[in-house]
Amino acid sequence: MIWVLVSILIAVAGAVLLLAGKNESRTTSVKKEEDFDPLAARKASWTPEVLIRYLNRLGLNLKPSVVMTLLVVELVLTVVLWLALEFSVALLAAGGLLLITHLALQALGARQKQRLLQTLPSFLNQVSRRLSAGVSVEHAFTDSMENIDGPLELAMRRVMQRVGLGLELHQAFEREARTSGLKELLIISTALHINEQFGGSIRAILDDIVHILRMEDQGKRELKAQTGETRITALVLTVLPLAMITLLTTMNPDFILQMWHDSLGKNLLMIAAGLQVLGAVTLWRMVRAI
């Protein structure tokens, strides 16, 4: 029976991948020329495009093979739990593993984006100083890369690789802004595009962008300090039910086992676990929106 279910799952997964491949090829065929990203076209053909977009949206600079390895390990753990436990428990455990992995990657990506935004104003200041010395815009960005590191360096290297593959500088920044979801890079792209079309002082525009970025960072810090109590409350509300069930299981494990062996008790435990996950995700999104 188990092998029949596994075969059905494999067949369904194959059908989904086939439909996704058809939709992807159809989308690629109608893609506009201005949306073409030469850097993405040079990626390995075995790497799923969905996974690349997912990592870019999170702002992660991880190799897709690392995430694929995590997914394979989670799939193996899910199969082991399925063979050892009941289907409902294995399904809940698999959902929990995926949720924990997503939240961990999301937190890591948010941290890398924050580091990028913290170093972006000083980088633009260096570009502005080189522009005042008479250096061209493209060379000013290229020369300023020598004094940066971390996520911003990787992002700028991707921008310059796109320039080397034939895109204009503002187009390269626009592609990077779309893949990473950073509106700050899109602002830089717009400023460069306006300067290329209508002229003017790009140095003054970059100085204004630096001023706006620093004001935005200061506002975020003040808002984070003012909402510290709300964040702590959300953390307590998330951890408190887990701590209570852990304490109850430690002090009286027979009570949980009796509930689990009873049909009504099992349904109540499953509903409680689902509501706990839903509540944790809701609180997480509410805190992120602050």
# chains A, B, ... in the order shown; residues from 1 in each chain; ligands from 1
call {"tool": "residues_around", "arguments": {"residues": "stretch 72-84 of chain A", "least_positions_apart": "2", "cutoff": "8 Å", "atoms": "only C-alpha atoms", "output": "mmCIF file with C-alpha atoms, in the first residue's frame"}}
result
data_model
loop_
_atom_site.group_PDB
_atom_site.id
_atom_site.type_symbol
_atom_site.label_atom_id
_atom_site.label_comp_id
_atom_site.auth_asym_id
_atom_site.auth_seq_id
_atom_site.Cartn_x
_atom_site.Cartn_y
_atom_site.Cartn_z
ATOM 1 C CA MET A 68 18.242 21.545 -3.035
ATOM 2 C CA THR A 69 20.258 19.410 -0.591
ATOM 3 C CA LEU A 70 18.144 20.736 2.314
ATOM 4 C CA GLU A 86 0.939 7.769 11.081
ATOM 5 C CA PHE A 87 0.265 9.700 7.909
ATOM 6 C CA VAL A 89 1.730 13.053 12.037
ATOM 7 C CA ALA A 90 4.210 12.673 9.173
ATOM 8 C CA LEU A 91 2.330 15.282 7.129
ATOM 9 C CA ALA A 93 6.031 17.110 10.673
ATOM 10 C CA ALA A 94 6.821 17.679 6.971
ATOM 11 C CA LEU A 97 10.104 21.250 8.585
ATOM 12 C CA LEU A 98 9.278 23.260 5.464
#
call {"tool": "select_by_dssp", "arguments": {"residues": "stretch 32-261 of chain A", "states": "helix (DSSP H, G or I)", "output": "PyMOL selection string"}}
result
chain A and resi 33-35+38-41+49-58+64-84+87-132+137-147+151-164+169-180+183-198+202-226+228-251+253-261
call {"tool": "residues_around", "arguments": {"residues": "A:Arg231", "least_positions_apart": "5", "cutoff": "12 Å", "atoms": "only C-alpha atoms", "output": "list in words"}}
result
Leu223, Lys224, Ala225, Gln226, Val236, Leu237, Thr238, Leu283, Trp284, Arg285, Met286, Val287, Arg288, Ala289 and Ile290 of chain A
call {"tool": "write_last_selection", "arguments": {"atoms": "C-alpha atoms", "output": "short mmCIF file (atom, residue, chain, number, x, y, z; two decimals), in the first residue's frame"}}
result
data_model
loop_
_atom_site.label_atom_id
_atom_site.label_comp_id
_atom_site.auth_asym_id
_atom_site.auth_seq_id
_atom_site.Cartn_x
_atom_site.Cartn_y
_atom_site.Cartn_z
CA LEU A 223 10.36 52.59 14.84
CA LYS A 224 12.08 49.38 15.92
CA ALA A 225 12.91 50.91 19.30
CA GLN A 226 9.33 52.15 19.78
CA VAL A 236 5.99 35.38 24.22
CA LEU A 237 2.62 34.53 22.63
CA THR A 238 4.40 32.25 20.15
CA LEU A 283 2.29 37.09 14.36
CA TRP A 284 5.48 36.83 12.28
CA ARG A 285 3.90 38.68 9.37
CA MET A 286 2.38 41.31 11.66
CA VAL A 287 5.74 41.98 13.30
CA ARG A 288 7.46 42.18 9.91
CA ALA A 289 4.85 44.71 8.74
CA ILE A 290 5.67 47.09 11.61
#
call {"tool": "closest_residue", "arguments": {"among": "A:Ile148, A:Glu176, A:Leu120, A:Gly181", "to": "A:Tyr54", "atoms": "only C-alpha atoms"}}
result
A:Gly181
call {"tool": "residues_around", "arguments": {"residues": "A:Thr101", "least_positions_apart": "4", "cutoff": "10 Å", "atoms": "only C-alpha atoms", "output": "PyMOL selection string"}}
result
chain A and resi 67+70-71+74+95-97+105-107
call {"tool": "write_last_selection", "arguments": {"atoms": "N, CA and C atoms", "output": "JSON list (two decimals), in the first residue's frame"}}
result
[["chain", "number", "residue", "atom", "x", "y", "z"],
["A", 67, "VAL", "N", 20.33, 24.63, -1.14],
["A", 67, "VAL", "CA", 18.90, 24.57, -0.82],
["A", 67, "VAL", "C", 18.29, 23.27, -1.34],
["A", 70, "LEU", "N", 19.04, 20.64, 1.16],
["A", 70, "LEU", "CA", 18.14, 20.74, 2.31],
["A", 70, "LEU", "C", 16.77, 20.14, 2.00],
["A", 71, "LEU", "N", 16.25, 20.43, 0.82],
["A", 71, "LEU", "CA", 14.94, 19.89, 0.45],
["A", 71, "LEU", "C", 14.98, 18.37, 0.33],
["A", 74, "GLU", "N", 15.02, 16.94, 3.83],
["A", 74, "GLU", "CA", 13.69, 17.02, 4.42],
["A", 74, "GLU", "C", 12.74, 16.00, 3.81],
["A", 95, "GLY", "N", 5.25, 19.53, 7.09],
["A", 95, "GLY", "CA", 4.89, 20.95, 7.00],
["A", 95, "GLY", "C", 5.67, 21.81, 7.97],
["A", 96, "GLY", "N", 5.91, 21.28, 9.17],
["A", 96, "GLY", "CA", 6.72, 22.02, 10.14],
["A", 96, "GLY", "C", 8.15, 22.19, 9.69],
["A", 97, "LEU", "N", 8.73, 21.14, 9.09],
["A", 97, "LEU", "CA", 10.10, 21.25, 8.58],
["A", 97, "LEU", "C", 10.22, 22.29, 7.48],
["A", 105, "LEU", "N", 15.55, 30.68, 6.25],
["A", 105, "LEU", "CA", 16.09, 31.32, 5.05],
["A", 105, "LEU", "C", 15.62, 32.76, 4.93],
["A", 106, "GLN", "N", 14.37, 33.01, 5.31],
["A", 106, "GLN", "CA", 13.84, 34.37, 5.24],
["A", 106, "GLN", "C", 14.57, 35.29, 6.21],
["A", 107, "ALA", "N", 14.83, 34.79, 7.43],
["A", 107, "ALA", "CA", 15.56, 35.60, 8.41],
["A", 107, "ALA", "C", 16.99, 35.86, 7.94]]
call {"tool": "closest_atom_pairs", "arguments": {"of": "stretch 137-168 of chain A", "to": "stretch 195-199 of chain A", "cutoff": "12 Å", "atoms": "only C-alpha atoms", "output": "tab-separated table"}}
result
residue	atom	partner	partner_atom	distance
A:Val137	CA	A:Glu196	CA	10.1
A:Glu138	CA	A:Glu196	CA	11.7
A:Glu168	CA	A:Glu196	CA	9.9
call {"tool": "write_last_selection", "arguments": {"atoms": "N, CA and C atoms", "output": "PDB file, in the first residue's frame"}}
result
ATOM      1  N   VAL A 137      30.893  57.593 -15.024  1.00  0.00           N
ATOM      2  CA  VAL A 137      29.957  56.969 -14.080  1.00  0.00           C
ATOM      3  C   VAL A 137      30.246  55.482 -13.926  1.00  0.00           C
ATOM      4  N   GLU A 138      30.427  54.789 -15.037  1.00  0.00           N
ATOM      5  CA  GLU A 138      30.665  53.344 -14.965  1.00  0.00           C
ATOM      6  C   GLU A 138      31.959  53.034 -14.236  1.00  0.00           C
ATOM      7  N   GLU A 168      23.176  48.287 -20.458  1.00  0.00           N
ATOM      8  CA  GLU A 168      23.549  49.586 -19.925  1.00  0.00           C
ATOM      9  C   GLU A 168      23.588  49.525 -18.400  1.00  0.00           C
TER      10      GLU A 168
END
call {"tool": "closest_residue", "arguments": {"among": "A:Gly164, A:Pro121, A:Gly134, A:Gly228", "to": "A:Ile188", "atoms": "only C-alpha atoms"}}
result
A:Pro121
call {"tool": "residues_around", "arguments": {"residues": "A:Gln171", "least_positions_apart": "4", "cutoff": "9 Å", "atoms": "only C-alpha atoms", "output": "list in words"}}
result
Glu34, Val159, Arg162, Val163, Leu167, Arg175, Glu176, Ser189 and His193 of chain A
call {"tool": "atom_distance", "arguments": {"atom1": "atom CA of A:Leu154", "atom2": "atom CA of A:Leu116"}}
result
9.6 Å
call {"tool": "residues_around", "arguments": {"residues": "A:Glu153", "least_positions_apart": "5", "cutoff": "12 Å", "atoms": "only C-alpha atoms", "output": "ChimeraX atom specification"}}
result
/A:61,112,115-117,119-120,123,141-148,158-160
call {"tool": "residues_around", "arguments": {"residues": "stretch 209-216 of chain A", "least_positions_apart": "4", "cutoff": "8 Å", "atoms": "only C-alpha atoms", "output": "PyMOL selection string"}}
result
chain A and resi 121-122+124-125+188+205+220
call {"tool": "atom_distance", "arguments": {"atom1": "atom CA of A:Leu60", "atom2": "atom CA of A:Thr190"}}
result
24.1 Å
